[in-house]
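Okay, target_4.pdb now, which holds PDB, C-alpha atoms and all ligand atoms:
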ATOM      1  CA  MET A   1     -10.042  -0.473 -16.556  1.00  0.00           C
ATOM      2  CA  ILE A   2      -8.193   1.601 -13.994  1.00  0.00           C
ATOM      3  CA  SER A   3      -9.125   5.274 -13.933  1.00  0.00           C
ATOM      4  CA  GLY A   4      -6.648   7.560 -15.662  1.00  0.00           C
ATOM      5  CA  ASP A   5      -4.908   4.539 -17.207  1.00  0.00           C
ATOM      6  CA  ARG A   6      -2.499   4.408 -14.307  1.00  0.00           C
ATOM      7  CA  ARG A   7       0.710   2.407 -14.290  1.00  0.00           C
ATOM      8  CA  CYS A   8       1.011  -0.569 -12.009  1.00  0.00           C
ATOM      9  CA  LEU A   9       2.571   0.267  -8.657  1.00  0.00           C
ATOM     10  CA  VAL A  10       5.279  -1.552  -6.748  1.00  0.00           C
ATOM     11  CA  ALA A  11       5.459  -0.069  -3.259  1.00  0.00           C
ATOM     12  CA  GLY A  12       7.928  -0.982  -0.533  1.00  0.00           C
ATOM     13  CA  ASN A  13       6.606  -0.811   3.018  1.00  0.00           C
ATOM     14  CA  TRP A  14       9.706  -0.798   5.201  1.00  0.00           C
ATOM     15  CA  LYS A  15       7.643  -1.049   8.412  1.00  0.00           C
ATOM     16  CA  MET A  16       9.784  -0.288  11.501  1.00  0.00           C
ATOM     17  CA  ASN A  17      13.098  -0.772   9.726  1.00  0.00           C
ATOM     18  CA  GLY A  18      15.822   1.499   8.427  1.00  0.00           C
ATOM     19  CA  LEU A  19      18.503   3.840   9.777  1.00  0.00           C
ATOM     20  CA  LEU A  20      19.946   6.824   7.927  1.00  0.00           C
ATOM     21  CA  ASP A  21      23.162   5.131   6.726  1.00  0.00           C
ATOM     22  CA  GLU A  22      21.248   2.113   5.479  1.00  0.00           C
ATOM     23  CA  ALA A  23      18.754   4.299   3.650  1.00  0.00           C
ATOM     24  CA  MET A  24      21.490   6.257   1.875  1.00  0.00           C
ATOM     25  CA  ALA A  25      23.240   3.039   0.807  1.00  0.00           C
ATOM     26  CA  TYR A  26      19.902   1.636  -0.374  1.00  0.00           C
ATOM     27  CA  ILE A  27      19.187   4.647  -2.597  1.00  0.00           C
ATOM     28  CA  GLU A  28      22.677   4.409  -4.069  1.00  0.00           C
ATOM     29  CA  ALA A  29      22.117   0.723  -4.837  1.00  0.00           C
ATOM     30  CA  LEU A  30      18.942   1.481  -6.797  1.00  0.00           C
ATOM     31  CA  GLY A  31      21.050   2.899  -9.642  1.00  0.00           C
ATOM     32  CA  GLU A  32      20.413   5.891 -11.865  1.00  0.00           C
ATOM     33  CA  ASN A  33      17.084   5.187 -13.494  1.00  0.00           C
ATOM     34  CA  PRO A  34      15.336   2.354 -11.685  1.00  0.00           C
ATOM     35  CA  ALA A  35      11.709   2.763 -12.829  1.00  0.00           C
ATOM     36  CA  PRO A  36      10.732   0.871 -15.999  1.00  0.00           C
ATOM     37  CA  GLU A  37       8.319   2.741 -18.265  1.00  0.00           C
ATOM     38  CA  LYS A  38       5.207   0.857 -17.212  1.00  0.00           C
ATOM     39  CA  VAL A  39       5.902   0.577 -13.495  1.00  0.00           C
ATOM     40  CA  GLU A  40       5.604   3.200 -10.797  1.00  0.00           C
ATOM     41  CA  ILE A  41       7.813   2.706  -7.750  1.00  0.00           C
ATOM     42  CA  ALA A  42       7.145   4.030  -4.246  1.00  0.00           C
ATOM     43  CA  ILE A  43       8.927   3.574  -0.933  1.00  0.00           C
ATOM     44  CA  MET A  44       7.381   3.989   2.499  1.00  0.00           C
ATOM     45  CA  PRO A  45      10.200   4.300   5.038  1.00  0.00           C
ATOM     46  CA  PRO A  46       9.665   5.126   8.723  1.00  0.00           C
ATOM     47  CA  PHE A  47       8.820   8.787   9.500  1.00  0.00           C
ATOM     48  CA  THR A  48      12.401   9.590  10.530  1.00  0.00           C
ATOM     49  CA  LEU A  49      13.658   8.869   7.002  1.00  0.00           C
ATOM     50  CA  LEU A  50      11.033  10.769   5.026  1.00  0.00           C
ATOM     51  CA  HIS A  51      12.909  14.070   4.785  1.00  0.00           C
ATOM     52  CA  PRO A  52      16.356  12.662   4.012  1.00  0.00           C
ATOM     53  CA  MET A  53      14.986  10.191   1.458  1.00  0.00           C
ATOM     54  CA  GLY A  54      12.332  12.282  -0.291  1.00  0.00           C
ATOM     55  CA  GLU A  55      14.354  14.415  -2.684  1.00  0.00           C
ATOM     56  CA  ARG A  56      16.890  11.708  -3.374  1.00  0.00           C
ATOM     57  CA  LEU A  57      14.108   9.316  -4.392  1.00  0.00           C
ATOM     58  CA  GLU A  58      12.368  11.970  -6.458  1.00  0.00           C
ATOM     59  CA  ARG A  59      15.532  12.425  -8.523  1.00  0.00           C
ATOM     60  CA  LYS A  60      15.251   8.745  -9.400  1.00  0.00           C
ATOM     61  CA  GLY A  61      11.570   9.007 -10.275  1.00  0.00           C
ATOM     62  CA  ILE A  62      10.467   7.152  -7.123  1.00  0.00           C
ATOM     63  CA  ARG A  63       7.529   8.350  -5.051  1.00  0.00           C
ATOM     64  CA  LEU A  64       7.627   8.702  -1.298  1.00  0.00           C
ATOM     65  CA  GLY A  65       4.954   7.474   1.076  1.00  0.00           C
ATOM     66  CA  ALA A  66       4.338   7.185   4.808  1.00  0.00           C
ATOM     67  CA  GLN A  67       3.089   4.150   6.704  1.00  0.00           C
ATOM     68  CA  SER A  68       0.450   5.931   8.764  1.00  0.00           C
ATOM     69  CA  VAL A  69      -0.803   9.363   9.797  1.00  0.00           C
ATOM     70  CA  PHE A  70      -2.960  11.037  12.440  1.00  0.00           C
ATOM     71  CA  TYR A  71      -6.237  12.673  11.419  1.00  0.00           C
ATOM     72  CA  GLU A  72      -5.823  16.157  12.870  1.00  0.00           C
ATOM     73  CA  GLU A  73      -3.929  18.957  11.120  1.00  0.00           C
ATOM     74  CA  LYS A  74      -1.929  20.152  14.138  1.00  0.00           C
ATOM     75  CA  GLY A  75      -2.123  20.694  17.872  1.00  0.00           C
ATOM     76  CA  ALA A  76      -1.784  18.883  21.175  1.00  0.00           C
ATOM     77  CA  PHE A  77      -1.485  15.285  19.956  1.00  0.00           C
ATOM     78  CA  THR A  78       1.798  14.122  21.434  1.00  0.00           C
ATOM     79  CA  GLY A  79       3.664  11.670  19.262  1.00  0.00           C
ATOM     80  CA  SER A  80       1.450  12.125  16.215  1.00  0.00           C
ATOM     81  CA  ILE A  81       2.253  13.149  12.645  1.00  0.00           C
ATOM     82  CA  SER A  82      -0.272  15.098  10.572  1.00  0.00           C
ATOM     83  CA  PRO A  83      -1.135  14.770   6.876  1.00  0.00           C
ATOM     84  CA  LEU A  84       0.257  18.277   6.288  1.00  0.00           C
ATOM     85  CA  MET A  85       3.574  17.211   7.785  1.00  0.00           C
ATOM     86  CA  LEU A  86       3.666  14.280   5.390  1.00  0.00           C
ATOM     87  CA  ARG A  87       3.032  16.585   2.436  1.00  0.00           C
ATOM     88  CA  ASP A  88       5.723  18.884   3.760  1.00  0.00           C
ATOM     89  CA  ALA A  89       8.141  15.959   3.819  1.00  0.00           C
ATOM     90  CA  GLY A  90       7.377  15.225   0.165  1.00  0.00           C
ATOM     91  CA  CYS A  91       4.973  12.310   0.531  1.00  0.00           C
ATOM     92  CA  HIS A  92       2.584  11.366  -2.233  1.00  0.00           C
ATOM     93  CA  TYR A  93       1.183   8.229  -0.589  1.00  0.00           C
ATOM     94  CA  VAL A  94       0.112   7.182   2.881  1.00  0.00           C
ATOM     95  CA  ILE A  95      -0.697   3.609   3.889  1.00  0.00           C
ATOM     96  CA  LEU A  96      -3.920   3.331   5.908  1.00  0.00           C
ATOM     97  CA  GLY A  97      -5.609   0.378   7.547  1.00  0.00           C
ATOM     98  CA  HIS A  98      -2.596  -1.932   7.524  1.00  0.00           C
ATOM     99  CA  SER A  99      -3.431  -5.107   9.436  1.00  0.00           C
ATOM    100  CA  GLU A 100      -0.521  -4.525  11.807  1.00  0.00           C
ATOM    101  CA  ARG A 101      -2.180  -1.262  12.864  1.00  0.00           C
ATOM    102  CA  ARG A 102      -5.664  -2.771  12.924  1.00  0.00           C
ATOM    103  CA  ASP A 103      -4.502  -5.716  15.056  1.00  0.00           C
ATOM    104  CA  ILE A 104      -1.670  -4.390  17.234  1.00  0.00           C
ATOM    105  CA  LEU A 105      -2.828  -0.780  17.653  1.00  0.00           C
ATOM    106  CA  HIS A 106      -6.560  -1.538  17.485  1.00  0.00           C
ATOM    107  CA  GLU A 107      -7.265   0.891  14.660  1.00  0.00           C
ATOM    108  CA  ALA A 108     -10.924   0.528  13.805  1.00  0.00           C
ATOM    109  CA  ASN A 109     -12.794   1.465  10.631  1.00  0.00           C
ATOM    110  CA  GLU A 110     -14.024   4.742  12.162  1.00  0.00           C
ATOM    111  CA  VAL A 111     -10.476   5.922  12.813  1.00  0.00           C
ATOM    112  CA  ILE A 112      -9.297   4.758   9.394  1.00  0.00           C
ATOM    113  CA  LEU A 113     -12.110   6.755   7.792  1.00  0.00           C
ATOM    114  CA  LYS A 114     -11.038   9.912   9.653  1.00  0.00           C
ATOM    115  CA  LYS A 115      -7.478   9.369   8.466  1.00  0.00           C
ATOM    116  CA  LEU A 116      -8.678   8.788   4.923  1.00  0.00           C
ATOM    117  CA  LYS A 117     -10.567  12.083   4.866  1.00  0.00           C
ATOM    118  CA  ALA A 118      -7.721  14.015   6.493  1.00  0.00           C
ATOM    119  CA  SER A 119      -5.251  12.552   3.996  1.00  0.00           C
ATOM    120  CA  TRP A 120      -7.399  13.579   1.045  1.00  0.00           C
ATOM    121  CA  LYS A 121      -7.783  17.063   2.476  1.00  0.00           C
ATOM    122  CA  ALA A 122      -3.995  17.436   2.584  1.00  0.00           C
ATOM    123  CA  GLY A 123      -3.583  16.154  -0.977  1.00  0.00           C
ATOM    124  CA  LEU A 124      -2.202  12.694  -0.167  1.00  0.00           C
ATOM    125  CA  GLU A 125      -3.157   9.499  -1.970  1.00  0.00           C
ATOM    126  CA  PRO A 126      -4.107   6.801   0.554  1.00  0.00           C
ATOM    127  CA  ILE A 127      -3.280   3.164  -0.013  1.00  0.00           C
ATOM    128  CA  LEU A 128      -6.096   1.480   1.887  1.00  0.00           C
ATOM    129  CA  CYS A 129      -5.142  -1.996   3.118  1.00  0.00           C
ATOM    130  CA  ILE A 130      -7.759  -4.687   3.547  1.00  0.00           C
ATOM    131  CA  GLY A 131      -7.463  -8.390   4.237  1.00  0.00           C
ATOM    132  CA  GLU A 132      -8.854 -11.338   6.131  1.00  0.00           C
ATOM    133  CA  HIS A 133      -7.329 -13.496   8.883  1.00  0.00           C
ATOM    134  CA  LEU A 134      -6.788 -17.196   8.304  1.00  0.00           C
ATOM    135  CA  ASP A 135      -9.743 -18.284  10.437  1.00  0.00           C
ATOM    136  CA  GLU A 136     -11.982 -15.927   8.484  1.00  0.00           C
ATOM    137  CA  ARG A 137     -10.827 -17.380   5.160  1.00  0.00           C
ATOM    138  CA  GLU A 138     -11.280 -20.902   6.467  1.00  0.00           C
ATOM    139  CA  ALA A 139     -14.786 -20.043   7.629  1.00  0.00           C
ATOM    140  CA  GLY A 140     -15.643 -18.740   4.141  1.00  0.00           C
ATOM    141  CA  LYS A 141     -15.915 -15.174   5.420  1.00  0.00           C
ATOM    142  CA  THR A 142     -13.289 -13.495   3.236  1.00  0.00           C
ATOM    143  CA  ASN A 143     -15.721 -11.491   1.112  1.00  0.00           C
ATOM    144  CA  GLU A 144     -17.750 -10.466   4.140  1.00  0.00           C
ATOM    145  CA  VAL A 145     -14.640  -9.123   5.887  1.00  0.00           C
ATOM    146  CA  LEU A 146     -13.420  -7.251   2.811  1.00  0.00           C
ATOM    147  CA  ARG A 147     -16.879  -5.787   2.216  1.00  0.00           C
ATOM    148  CA  GLU A 148     -16.970  -4.459   5.768  1.00  0.00           C
ATOM    149  CA  GLN A 149     -13.476  -2.958   5.503  1.00  0.00           C
ATOM    150  CA  LEU A 150     -14.371  -1.268   2.198  1.00  0.00           C
ATOM    151  CA  SER A 151     -17.675   0.031   3.552  1.00  0.00           C
ATOM    152  CA  ILE A 152     -15.901   3.135   4.894  1.00  0.00           C
ATOM    153  CA  LEU A 153     -15.874   4.376   1.282  1.00  0.00           C
ATOM    154  CA  GLU A 154     -19.631   4.873   1.438  1.00  0.00           C
ATOM    155  CA  GLY A 155     -20.399   8.535   0.781  1.00  0.00           C
ATOM    156  CA  THR A 156     -16.791   9.485  -0.027  1.00  0.00           C
ATOM    157  CA  ASP A 157     -15.881  11.331  -3.218  1.00  0.00           C
ATOM    158  CA  PRO A 158     -15.170   8.743  -5.938  1.00  0.00           C
ATOM    159  CA  ALA A 159     -12.811  11.230  -7.569  1.00  0.00           C
ATOM    160  CA  ALA A 160     -10.519  11.425  -4.526  1.00  0.00           C
ATOM    161  CA  PRO A 161      -7.343   9.474  -5.370  1.00  0.00           C
ATOM    162  CA  LEU A 162      -7.148   5.996  -3.888  1.00  0.00           C
ATOM    163  CA  THR A 163      -5.221   2.771  -4.262  1.00  0.00           C
ATOM    164  CA  VAL A 164      -6.390  -0.349  -2.437  1.00  0.00           C
ATOM    165  CA  ALA A 165      -4.071  -3.143  -1.268  1.00  0.00           C
ATOM    166  CA  TYR A 166      -5.454  -6.618  -0.657  1.00  0.00           C
ATOM    167  CA  GLU A 167      -3.212  -8.209   1.955  1.00  0.00           C
ATOM    168  CA  PRO A 168      -4.429 -11.509   3.396  1.00  0.00           C
ATOM    169  CA  VAL A 169      -3.164 -11.313   6.985  1.00  0.00           C
ATOM    170  CA  TRP A 170      -2.058 -14.959   6.915  1.00  0.00           C
ATOM    171  CA  ALA A 171       0.257 -14.220   3.976  1.00  0.00           C
ATOM    172  CA  ILE A 172       2.055 -11.290   5.630  1.00  0.00           C
ATOM    173  CA  GLY A 173       5.588 -12.184   6.657  1.00  0.00           C
ATOM    174  CA  THR A 174       4.831 -15.905   6.548  1.00  0.00           C
ATOM    175  CA  GLY A 175       6.256 -16.923   3.170  1.00  0.00           C
ATOM    176  CA  VAL A 176       2.830 -18.362   2.374  1.00  0.00           C
ATOM    177  CA  THR A 177       0.805 -16.889  -0.478  1.00  0.00           C
ATOM    178  CA  PRO A 178      -2.723 -17.611  -1.682  1.00  0.00           C
ATOM    179  CA  THR A 179      -3.071 -19.660  -4.852  1.00  0.00           C
ATOM    180  CA  LEU A 180      -3.226 -17.627  -8.045  1.00  0.00           C
ATOM    181  CA  GLU A 181      -6.848 -18.682  -8.340  1.00  0.00           C
ATOM    182  CA  GLN A 182      -7.606 -17.286  -4.881  1.00  0.00           C
ATOM    183  CA  VAL A 183      -5.805 -14.063  -5.774  1.00  0.00           C
ATOM    184  CA  GLU A 184      -7.818 -13.616  -8.992  1.00  0.00           C
ATOM    185  CA  GLU A 185     -11.079 -14.490  -7.307  1.00  0.00           C
ATOM    186  CA  THR A 186     -10.517 -12.085  -4.427  1.00  0.00           C
ATOM    187  CA  HIS A 187      -9.271  -9.227  -6.605  1.00  0.00           C
ATOM    188  CA  ALA A 188     -12.325  -9.631  -8.850  1.00  0.00           C
ATOM    189  CA  PHE A 189     -14.518  -9.326  -5.754  1.00  0.00           C
ATOM    190  CA  VAL A 190     -12.667  -6.220  -4.540  1.00  0.00           C
ATOM    191  CA  HIS A 191     -12.952  -4.498  -7.933  1.00  0.00           C
ATOM    192  CA  GLU A 192     -16.703  -5.287  -7.952  1.00  0.00           C
ATOM    193  CA  GLU A 193     -17.125  -3.934  -4.434  1.00  0.00           C
ATOM    194  CA  LEU A 194     -15.299  -0.744  -5.352  1.00  0.00           C
ATOM    195  CA  LYS A 195     -17.850  -0.162  -8.111  1.00  0.00           C
ATOM    196  CA  ARG A 196     -20.528   0.100  -5.417  1.00  0.00           C
ATOM    197  CA  TYR A 197     -18.767   3.289  -4.344  1.00  0.00           C
ATOM    198  CA  GLY A 198     -18.356   4.554  -7.898  1.00  0.00           C
ATOM    199  CA  ARG A 199     -14.695   3.653  -8.006  1.00  0.00           C
ATOM    200  CA  THR A 200     -12.362   1.980 -10.448  1.00  0.00           C
ATOM    201  CA  CYS A 201      -8.940   2.002  -8.886  1.00  0.00           C
ATOM    202  CA  ARG A 202      -5.752   0.007  -8.639  1.00  0.00           C
ATOM    203  CA  VAL A 203      -5.833  -3.001  -6.341  1.00  0.00           C
ATOM    204  CA  LEU A 204      -2.382  -4.133  -5.245  1.00  0.00           C
ATOM    205  CA  TYR A 205      -1.596  -7.555  -3.829  1.00  0.00           C
ATOM    206  CA  GLY A 206       0.493  -7.764  -0.637  1.00  0.00           C
ATOM    207  CA  GLY A 207       1.780 -10.647   1.496  1.00  0.00           C
ATOM    208  CA  SER A 208       5.085 -12.516   0.991  1.00  0.00           C
ATOM    209  CA  VAL A 209       5.761 -11.043  -2.437  1.00  0.00           C
ATOM    210  CA  LYS A 210       9.330 -11.813  -3.524  1.00  0.00           C
ATOM    211  CA  PRO A 211      11.242 -11.815  -6.824  1.00  0.00           C
ATOM    212  CA  SER A 212      10.457 -15.500  -7.422  1.00  0.00           C
ATOM    213  CA  ASN A 213       6.643 -15.190  -7.168  1.00  0.00           C
ATOM    214  CA  ALA A 214       6.110 -11.569  -8.196  1.00  0.00           C
ATOM    215  CA  GLU A 215       5.633 -12.124 -11.921  1.00  0.00           C
ATOM    216  CA  ASP A 216       2.986 -14.815 -11.382  1.00  0.00           C
ATOM    217  CA  LEU A 217       1.139 -12.761  -8.782  1.00  0.00           C
ATOM    218  CA  MET A 218       1.190  -9.579 -10.831  1.00  0.00           C
ATOM    219  CA  SER A 219       0.104 -11.423 -13.979  1.00  0.00           C
ATOM    220  CA  CYS A 220      -3.160 -12.342 -12.251  1.00  0.00           C
ATOM    221  CA  ALA A 221      -6.262 -10.609 -13.579  1.00  0.00           C
ATOM    222  CA  GLY A 222      -7.204  -7.677 -11.369  1.00  0.00           C
ATOM    223  CA  VAL A 223      -3.779  -7.324  -9.749  1.00  0.00           C
ATOM    224  CA  ASN A 224      -2.430  -3.849 -10.445  1.00  0.00           C
ATOM    225  CA  GLY A 225       0.823  -3.991  -8.525  1.00  0.00           C
ATOM    226  CA  ALA A 226       2.291  -5.110  -5.217  1.00  0.00           C
ATOM    227  CA  LEU A 227       2.738  -3.843  -1.671  1.00  0.00           C
ATOM    228  CA  VAL A 228       5.969  -5.423  -0.503  1.00  0.00           C
ATOM    229  CA  GLY A 229       7.192  -5.742   3.081  1.00  0.00           C
ATOM    230  CA  GLY A 230      10.265  -7.845   3.907  1.00  0.00           C
ATOM    231  CA  ALA A 231      11.543  -8.177   0.340  1.00  0.00           C
ATOM    232  CA  SER A 232      11.575  -4.387  -0.089  1.00  0.00           C
ATOM    233  CA  LEU A 233      14.307  -4.012   2.540  1.00  0.00           C
ATOM    234  CA  ASP A 234      16.967  -5.314   0.187  1.00  0.00           C
ATOM    235  CA  PRO A 235      17.396  -3.118  -2.907  1.00  0.00           C
ATOM    236  CA  ARG A 236      18.259  -6.065  -5.123  1.00  0.00           C
ATOM    237  CA  SER A 237      15.195  -8.103  -4.213  1.00  0.00           C
ATOM    238  CA  PHE A 238      12.982  -4.999  -4.410  1.00  0.00           C
ATOM    239  CA  MET A 239      14.305  -4.242  -7.895  1.00  0.00           C
ATOM    240  CA  GLY A 240      13.794  -7.910  -8.787  1.00  0.00           C
ATOM    241  CA  ILE A 241      10.110  -7.396  -7.984  1.00  0.00           C
ATOM    242  CA  VAL A 242       9.989  -4.167 -10.006  1.00  0.00           C
ATOM    243  CA  GLU A 243      11.467  -6.022 -13.000  1.00  0.00           C
ATOM    244  CA  ALA A 244       8.951  -8.848 -12.530  1.00  0.00           C
ATOM    245  CA  ALA A 245       6.171  -6.240 -12.578  1.00  0.00           C
ATOM    246  CA  ALA A 246       7.504  -4.848 -15.856  1.00  0.00           C
ATOM    247  CA  ARG A 247       7.419  -8.370 -17.369  1.00  0.00           C
ATOM    248  CA  ALA A 248       3.929  -8.994 -16.005  1.00  0.00           C
ATOM    249  CA  VAL A 249       2.468  -5.886 -17.633  1.00  0.00           C
ATOM    250  CA  SER A 250       4.310  -6.223 -20.951  1.00  0.00           C
TER     251      SER A 250
HETATM  252  P1  LIG A 301       5.618  -9.069   3.640  1.00  0.00           P
HETATM  253  O1  LIG A 301       5.951  -8.743   2.190  1.00  0.00           O
HETATM  254  O2  LIG A 301       6.819  -9.011   4.531  1.00  0.00           O
HETATM  255  O3  LIG A 301       4.828 -10.325   3.748  1.00  0.00           O
HETATM  256  O4  LIG A 301       4.678  -7.874   4.181  1.00  0.00           O
HETATM  257  C1  LIG A 301       3.597  -7.479   3.410  1.00  0.00           C
HETATM  258  C2  LIG A 301       3.061  -6.230   3.963  1.00  0.00           C
HETATM  259  O5  LIG A 301       2.532  -6.212   5.068  1.00  0.00           O
HETATM  260  C3  LIG A 301       3.192  -5.001   3.158  1.00  0.00           C
HETATM  261  O6  LIG A 301       2.417  -3.965   3.674  1.00  0.00           O
END
Have the structure of the file written as structure tokens, please.
Amino acid sequence: MISGDRRCLVAGNWKMNGLLDEAMAYIEALGENPAPEKVEIAIMPPFTLLHPMGERLERKGIRLGAQSVFYEEKGAFTGSISPLMLRDAGCHYVILGHSERRDILHEANEVILKKLKASWKAGLEPILCIGEHLDEREAGKTNEVLREQLSILEGTDPAAPLTVAYEPVWAIGTGVTPTLEQVEETHAFVHEELKRYGRTCRVLYGGSVKPSNAEDLMSCAGVNGALVGGASLDPRSFMGIVEAAARAVS
């Protein structure tokens, strides 16, 4: 169902959290061999922690990712980080289109598309985030919103590596999650939409995932892993989610 028979992915988006000492203690707390056979683990710390964390995570079989990127390779773009710099720091993944960047930093589809292309050019795998606001869900516009956000894939190479994350904005950081029925229904729609662009890829669920709901969410049809915010900041709760993922896929 997913191209290349890929493992499910549990990815921790640390957002704007984490200092060096905390990151080192976190890695220590993950133990020797944290990744179960059927689960891939990735961590997306802030830019400042990419270099110090990269090799240490790699030794534990954990992939590194960044939370954003700029679309130019280099030059006079004060404050920006390029895809090549992310590769240089050891990143495999980069999160694009997160709702916090769409809403707070006004990142529009056109900019996200430029970042997508630049990331592919540098050899990164984007995790493209999509999701509707509460008023849009209540107005029955969820599919319309997701279709529009996915439309940037039109004309892109279906072989370029991609993971999609469905993150309903109203579930992010709120402790509220959609019903399992809503999750299955929406993931089925996203997988269908992706076919329009010749793609079969992993679709993660994100929004208030924690150890207590992770197994149910990741057992839903069409859910191929989780993008975790708050609960990824504590190594024990993050590993609780990884273990739940292993149970869900077994
Ligand atoms: P929470 O897990 O804190 O709800 O955040 C989800 C998220 O935005 C991951 O990208």
Residues contacting ligand LIG 301 (chain A) - anything with an atom at most 10 Å away, using all atoms listed in the file - can you give me those as a PyMOL selection string? chain A and resi 11-15+44+67+95-100+127+129+165-177+205-210+226-233
Do you know which residues are at most 10 Å from Ala108 of chain A counting all atoms listed in the file, after dropping those on the same chain fewer than 6 positions away, and could you put them as a ChimeraX atom specification? /A:97,101-102,149
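The space between atom CA of Asp21 of chain A and atom CA of Leu64 of chain A spans 17.8 Å.
Nearest to Gln182 of chain A of all the residues A:Arg137, A:Met239, A:Leu84, A:Ala25 is A:Arg137, counting only C-alpha atoms.
Minimum distance to Thr48 of chain A across A:Gly18, A:Pro83, A:Gly75, A:Pro34 (counting only C-alpha atoms) occurs at A:Gly18.
Close contacts of Glu37 of chain A, defined as residues with an atom at most 12 Å away when counting all atoms listed in the file, with chain neighbours fewer than 5 positions off set aside, comprise Arg6, Arg7, Cys8, Leu9, Gly61, Val242, Glu243, Ala245, Ala246, Arg247, Val249 and Ser250 of chain A.
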Given the selection you just returned, output its residues as a file containing C-alpha atoms, formatted as a CSV table (one decimal), in the coordinates of the input.
chain,number,residue,atom,x,y,z
A,6,ARG,CA,-2.5,4.4,-14.3
A,7,ARG,CA,0.7,2.4,-14.3
A,8,CYS,CA,1.0,-0.6,-12.0
A,9,LEU,CA,2.6,0.3,-8.7
A,61,GLY,CA,11.6,9.0,-10.3
A,242,VAL,CA,10.0,-4.2,-10.0
A,243,GLU,CA,11.5,-6.0,-13.0
A,245,ALA,CA,6.2,-6.2,-12.6
A,246,ALA,CA,7.5,-4.8,-15.9
A,247,ARG,CA,7.4,-8.4,-17.4
A,249,VAL,CA,2.5,-5.9,-17.6
A,250,SER,CA,4.3,-6.2,-21.0
Explicit residue set for the PyMOL selection byres (((chain A and resi 29) around 12) and not hetatm), as a PyMOL selection string: chain A and resi 22-28+30-34+57+60+233-239
How would you write, as an mmCIF file with C-alpha atoms, in the frame of the given file, the residues chosen by the PyMOL selection byres (((chain A and resi 201) around 9) and not hetatm) on this structure?
data_model
loop_
_atom_site.group_PDB
_atom_site.id
_atom_site.type_symbol
_atom_site.label_atom_id
_atom_site.label_comp_id
_atom_site.auth_asym_id
_atom_site.auth_seq_id
_atom_site.Cartn_x
_atom_site.Cartn_y
_atom_site.Cartn_z
ATOM 1 C CA MET A 1 -10.042 -0.473 -16.556
ATOM 2 C CA ILE A 2 -8.193 1.601 -13.994
ATOM 3 C CA SER A 3 -9.125 5.274 -13.933
ATOM 4 C CA ARG A 6 -2.499 4.408 -14.307
ATOM 5 C CA PRO A 161 -7.343 9.474 -5.370
ATOM 6 C CA LEU A 162 -7.148 5.996 -3.888
ATOM 7 C CA THR A 163 -5.221 2.771 -4.262
ATOM 8 C CA VAL A 164 -6.390 -0.349 -2.437
ATOM 9 C CA HIS A 191 -12.952 -4.498 -7.933
ATOM 10 C CA LEU A 194 -15.299 -0.744 -5.352
ATOM 11 C CA ARG A 199 -14.695 3.653 -8.006
ATOM 12 C CA THR A 200 -12.362 1.980 -10.448
ATOM 13 C CA ARG A 202 -5.752 0.007 -8.639
ATOM 14 C CA VAL A 203 -5.833 -3.001 -6.341
ATOM 15 C CA ASN A 224 -2.430 -3.849 -10.445
#
Written as a ChimeraX atom specification, which residues does the PyMOL selection byres (((chain A and resi 89) around 10) and not hetatm) give for the file shown? /A:47,49-55,64-66,83-88,90-92
Would you list the contacts of Glu154 of chain A as an MDAnalysis selection string, taking every protein, DNA or RNA residue within 12 Å and counting all atoms listed in the file, but skipping same-chain residues closer than 2 positions in sequence? chainID A and resid 109 113 147:152 156:158 193:199
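Note that the spacing between atom CA of Glu110 of chain A and atom CA of Phe70 of chain A amounts to 12.7 Å.
Picture a line from atom CA of Lys121 of chain A to atom CA of Ile43 of chain A; it runs 21.7 Å.
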Restricting to all atoms listed in the file, whichever of A:Leu19, A:Ala122, A:Val111, A:Leu134 is closest to Glu73 of chain A is A:Ala122
Could you work out an axis-aligned box for segment 207-224 of chain A, taking every atom the file lists and adding 3 Å on each side, and report centre and edge lengths in Å to one decimal, as lines of an AutoDock Vina configuration file?
center_x = 2.0
center_y = -9.7
center_z = -6.2
size_x = 24.4
size_y = 17.7
size_z = 21.5
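For the set A:Val69, A:Leu124, A:Phe77, A:Ala188, the residue with the smallest atom-to-atom gap to Ile112 of chain A is A:Val69, counting all atoms listed in the file.
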Complete the atoms of segment 81-87 of chain A to N, CA and C atoms and put them out as a PDB file, in the frame of the given file.
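Output saved as out_22.pdb:
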ATOM      1  N   ILE A  81       1.777  12.496  13.863  1.00  0.00           N
ATOM      2  CA  ILE A  81       2.253  13.149  12.645  1.00  0.00           C
ATOM      3  C   ILE A  81       1.023  13.467  11.797  1.00  0.00           C
ATOM      4  N   SER A  82       0.935  14.713  11.311  1.00  0.00           N
ATOM      5  CA  SER A  82      -0.272  15.098  10.572  1.00  0.00           C
ATOM      6  C   SER A  82      -0.095  14.922   9.056  1.00  0.00           C
ATOM      7  N   PRO A  83      -1.220  14.876   8.335  1.00  0.00           N
ATOM      8  CA  PRO A  83      -1.135  14.770   6.876  1.00  0.00           C
ATOM      9  C   PRO A  83      -0.352  15.925   6.256  1.00  0.00           C
ATOM     10  N   LEU A  84      -0.497  17.135   6.828  1.00  0.00           N
ATOM     11  CA  LEU A  84       0.257  18.277   6.288  1.00  0.00           C
ATOM     12  C   LEU A  84       1.757  18.085   6.451  1.00  0.00           C
ATOM     13  N   MET A  85       2.144  17.476   7.564  1.00  0.00           N
ATOM     14  CA  MET A  85       3.574  17.211   7.785  1.00  0.00           C
ATOM     15  C   MET A  85       4.097  16.221   6.753  1.00  0.00           C
ATOM     16  N   LEU A  86       3.250  15.266   6.403  1.00  0.00           N
ATOM     17  CA  LEU A  86       3.666  14.280   5.390  1.00  0.00           C
ATOM     18  C   LEU A  86       3.825  14.947   4.031  1.00  0.00           C
ATOM     19  N   ARG A  87       2.904  15.848   3.709  1.00  0.00           N
ATOM     20  CA  ARG A  87       3.032  16.585   2.436  1.00  0.00           C
ATOM     21  C   ARG A  87       4.310  17.412   2.458  1.00  0.00           C
TER      22      ARG A  87
END
